[in-house]
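Following: one structure in structure tokens, then a few remarks.
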Amino acid sequence: MVLNKFDNEEKIIGKKLYDYQHGAIDKIFQRIQENPNQYNLLYQLPTGGGKTVIFSEIARQYIDSNHHKVLILTHRIELSKQTSNMLTEFGVKNKVIDSSVKEVTNEGKYSCFVAMVETLNNRIKENKADLDDIGLVIVDEAHYNSFRKLFKHFERCFILGVTATPLSSNINLPMHDIYKDLIVGEKISSLIEKGFLAKADVYSFNVNLSSLKIGANGDYTVKSSEELYTQNVMQSKLLNAYESTSLGKKTLIFNNGIHTSRHVYEVFKKAGYSVMYIDNTNTKEERKRILKWFKNTPDAILTSVGILTTGFDEPSIESIIINRATKSLALYFQMIGRGSRVIENKKDFLVVDLGNNVARFGNWTDEVDWQFIFKNPNFFLENLISDEEIQKNFKYEMPQELREKFSKSDNIEFDVKKEYKKAVGDGLKSKAVLEKSISQHAQICFENTEDVFDAHILSRELHDEIEFRIKQYSFCILKSSKNYLKWLEDDYKRQLRVKISLLFRTS
């Protein structure tokens with residue numbers, strides 16, 4: 001069966017798979033032959049690589065050769081429907097077990113069941129599920145933990161989990177406790193090289209995440225994220241990031257909280273852009289209408305919360321904006337993966353990061369040792385680069401659009417760490433570094449404007465760079481409390497206004 005590389009993984013043409021898909025199927029069936037039951041195997045393949053295609057073919061071959069039925073578990077109704085359609089394409093007669101199915105019977109005309117995990121669990125509790133003839137259980141998006149409660153009912157089966165990221169969504173429930181082994185599939189870089197995935201052009205905007213809190217699940221809390229990302233300065237940073245990288249492109253924005261997403265919607269709507277929002281408060285009909293609008297609108301901006309990370313494929317997306325921070329590697333790959341589909345006239349896409357996620361996890365295309373992560377998840381998580389370390393190593397780069405406003409200045413660079421070492425070496429007070437930085441900022445504002453009024457307006461656009469320089473200075477002097485940084489920033493901007501006014505008075 002051939003997967004057209006200019007369509008998403010749910011569209012099938014012909015009857016031939018790609019070589020790497022054949023290779024994966026052969027490896028998996030070798031394990032099934034060696035361990036026909038009571039064996040749990042995990043298979044990893046990047047989003048867009050065709051996991052649904054692979055396990056649908058596995059289901060077909062298993063049914064033909066083993067004469068037992070197959071159960072496929074999903075956690076989202078959208079995934080159930082997509083999987084059912086795919087199985088039908090492969091000639092596998094299947095039945096979806098959702099909330100409308102009140103009793104699961106061992107019907108002869110179906111060789112495969114596609115079950116919503118919670119629905120199936122309820123039917124088993126009610127003694128309304130006959131699943132004695134199941135030989136193979138396939139778990140889609142296996143890194144989620146909702147499936148584990150069902151495994152005790154299939155202890156004599158071969159269980160195959162499939163995921164793009166073999167790292168549990170719950171740090172307290174590692175995947176190696178459930179799955180005995182991992183087979184790693186094709187790399188992202190290889191899929192890009194072969195034309196199956198689009199190339200990502202990445203833009204990172206530094207964000208001070210010191211106010212974020214870590215929740216029980218190991219990720220940043222929604223509450224602390226909302227408090228940061230609903231601030232006017234963050235909304236302005238997002239809008240500027242969009243306008244400098246993604247203007248006119250079909251854009252999907254990921255947020256960590258409904259209030260943030262609604263704020264984003266209002267900001268972009270006020271700016272005159274074609275924007276809508278989608279979250280779990282939308283009805284089924286509203287969601288369908290919004291996604292249809294997004295599909296058919298070339299410059300559409302869709303701001304979302306959570307629900308579009310899985311079970312959603314819109315190949316025409318040109319830009320992914322991550323307007324949040326996460327410590328979840330799975331979520332990081334899922335969000336970027338929404339833009340990685342290749343269609344005709346689309347060979348690349350943008351990733352705009354406003355949560356220091358690229359600095360935390362590396363580039364989407366970087367090689368990942370999934371075997372090590374699978375076996376040592378705690379070591380991996382404990383050794384993620386800290387937000388403080390990210391801030392220390394971050395190098396601010398002025399956006400090109402802003403750089404053009406300072407085109408009359410030959411040099412706009414200022415290395416705070418270098419200047420601090422020089423000041424210490426010369427026996428000067430540390431504040432001399434900020435005074436020199438303020439003078440440099442005042443000078444470039446003076447050089448690129450005609451009057452003091454315009455210079456003050458231009459200086460306000462230096463907010464991100466000022467924030468970065470203050471942060472670098474705080475690392476040098478080992479003093480970085482929130483109140484102190486706020487005071488330094490306010491004092492810096494006050495002195496900058498004074499310095500600009502003085503330059504125009506004396507010119």
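Labels used: A, B, ... for chains in the order of the structure tokens, numbers from 1 for residues in each chain, and numbers from 1 for ligands as shown.
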
Range 83-255 of chain A: residues DSSP assigns to alpha helix (DSSP H), reported as an MDAnalysis selection string: chainID A and resid 83:89 117:125 148:151 188:193 222:229 232:245

Residue neighbourhood Ile178 in chain A, 10 Å, only C-alpha atoms, exclusion window fewer than 5 positions, as a count of residues only: 9

Contacts of Ala330 in chain A at 7 Å (only C-alpha atoms; same-chain gap of 2+ positions) as a PyMOL selection string: chain A and resi 165+167+328+332-334

Non-local contacts of range 24-26 of chain A (7 Å; only C-alpha atoms; under 5 positions in same chain excluded) as a ChimeraX atom specification: /A:54,58,185

Per residue of range 178-291 of chain A within 12 Å of range 361-378 of chain A, which atom pair is closest and at what distance in Å (one decimal), using only C-alpha atoms, listed by chain and increasing number, as a Markdown table?
```
| residue | atom | partner | partner_atom | distance |
| --- | --- | --- | --- | --- |
| A:Ile178 | CA | A:Phe374 | CA | 11.0 |
| A:Tyr179 | CA | A:Phe374 | CA | 9.5 |
| A:Lys180 | CA | A:Lys375 | CA | 9.9 |
| A:Asp181 | CA | A:Phe374 | CA | 8.8 |
| A:Leu182 | CA | A:Gln371 | CA | 6.9 |
| A:Ile183 | CA | A:Gln371 | CA | 8.3 |
| A:Val184 | CA | A:Trp370 | CA | 7.1 |
| A:Gly185 | CA | A:Trp370 | CA | 9.8 |
| A:Glu186 | CA | A:Glu367 | CA | 10.8 |
| A:Lys187 | CA | A:Glu367 | CA | 7.3 |
| A:Ile188 | CA | A:Thr365 | CA | 5.7 |
| A:Ser189 | CA | A:Thr365 | CA | 5.5 |
| A:Ser190 | CA | A:Thr365 | CA | 9.2 |
| A:Leu191 | CA | A:Thr365 | CA | 9.9 |
| A:Ile192 | CA | A:Thr365 | CA | 8.8 |
| A:Glu193 | CA | A:Thr365 | CA | 10.9 |
| A:Leu197 | CA | A:Thr365 | CA | 10.7 |
| A:Ala198 | CA | A:Thr365 | CA | 10.7 |
| A:Lys199 | CA | A:Thr365 | CA | 8.7 |
| A:Ala200 | CA | A:Trp364 | CA | 7.8 |
| A:Asp201 | CA | A:Asn363 | CA | 9.9 |
| A:Val202 | CA | A:Asn363 | CA | 8.1 |
| A:Tyr203 | CA | A:Asn363 | CA | 10.7 |
| A:Ser204 | CA | A:Asn363 | CA | 10.7 |
| A:Gly218 | CA | A:Asn378 | CA | 11.1 |
```

Just-selected residues, C-alpha atoms written as a PDB file, in the first residue's frame:
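Now in part.pdb:
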```
ATOM      1  CA  ILE A 178       4.935  -1.933  31.198  1.00  0.00           C
ATOM      2  CA  TYR A 179       6.787  -2.649  27.939  1.00  0.00           C
ATOM      3  CA  LYS A 180       9.615  -5.174  27.827  1.00  0.00           C
ATOM      4  CA  ASP A 181      11.393  -3.750  24.808  1.00  0.00           C
ATOM      5  CA  LEU A 182      11.449  -0.875  22.325  1.00  0.00           C
ATOM      6  CA  ILE A 183      11.879  -0.883  18.545  1.00  0.00           C
ATOM      7  CA  VAL A 184      13.008   2.510  17.239  1.00  0.00           C
ATOM      8  CA  GLY A 185      11.782   3.548  13.801  1.00  0.00           C
ATOM      9  CA  GLU A 186      12.988   5.988  11.144  1.00  0.00           C
ATOM     10  CA  LYS A 187      14.564   9.263  12.323  1.00  0.00           C
ATOM     11  CA  ILE A 188      12.987  12.651  11.682  1.00  0.00           C
ATOM     12  CA  SER A 189      16.063  13.798   9.754  1.00  0.00           C
ATOM     13  CA  SER A 190      15.817  10.728   7.512  1.00  0.00           C
ATOM     14  CA  LEU A 191      12.091  11.268   6.864  1.00  0.00           C
ATOM     15  CA  ILE A 192      12.843  14.883   5.897  1.00  0.00           C
ATOM     16  CA  GLU A 193      15.688  13.842   3.612  1.00  0.00           C
ATOM     17  CA  LEU A 197       8.308  15.314   6.328  1.00  0.00           C
ATOM     18  CA  ALA A 198       8.767  19.052   5.840  1.00  0.00           C
ATOM     19  CA  LYS A 199      11.879  20.890   6.998  1.00  0.00           C
ATOM     20  CA  ALA A 200      11.458  23.139  10.055  1.00  0.00           C
ATOM     21  CA  ASP A 201      12.889  26.673  10.139  1.00  0.00           C
ATOM     22  CA  VAL A 202      13.100  27.592  13.819  1.00  0.00           C
ATOM     23  CA  TYR A 203      12.861  31.025  15.470  1.00  0.00           C
ATOM     24  CA  SER A 204      13.346  31.285  19.233  1.00  0.00           C
ATOM     25  CA  GLY A 218       6.246  17.418  36.270  1.00  0.00           C
TER      26      GLY A 218
END
```

Within 8 Å of range 352-358 of chain A, which residues of range 252-328 of chain A show up? Give each one with its shortest atom-to-atom distance in Å (one decimal) and the two atoms involved, counting only C-alpha atoms, rows by chain then rising residue number, as CSV.
```
residue,atom,partner,partner_atom,distance
A:Ser319,CA,A:Val352,CA,7.5
A:Ile320,CA,A:Val352,CA,6.2
A:Ile321,CA,A:Val352,CA,4.6
A:Ile322,CA,A:Asp353,CA,5.0
A:Asn323,CA,A:Leu354,CA,5.1
A:Arg324,CA,A:Gly355,CA,5.0
A:Ala325,CA,A:Gly355,CA,4.0
A:Thr326,CA,A:Asn357,CA,6.8
A:Lys327,CA,A:Asn357,CA,7.9
```

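Relative to CA of Asp410 in chain A, CA of Ser437 in chain A is found at 15.8 Å.
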
Distance query range 289-303 of chain A at most 9 Å, only C-alpha atoms, self and fewer than 2 positions along chain excluded, as a PyMOL selection string: chain A and resi 247-255+261-262+264-265+268+273-279+284-287+305+314-317

Who sits within 12 Å of Asp490 in chain A, only C-alpha atoms, same chain under 6 positions skipped, as a ChimeraX atom specification: /A:460,463,466-467,470,483-484,496-497

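Pairwise distance (CA of His75 in chain A, CA of Val114 in chain A) equals 10.5 Å.
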
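For the pair CA of Gly48 in chain A and CA of Asp140 in chain A, the separation is 13.9 Å.
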
Counting only C-alpha atoms, the residue of A:Asp130, A:Val53, A:Lys27, A:His22 that sits nearest Gly108 in chain A: A:Asp130

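Between Leu131 in chain A and the residues A:Leu209, A:Leu228, A:Val70, A:Val162, the shortest atom-to-atom distance, using only C-alpha atoms, involves A:Val70.
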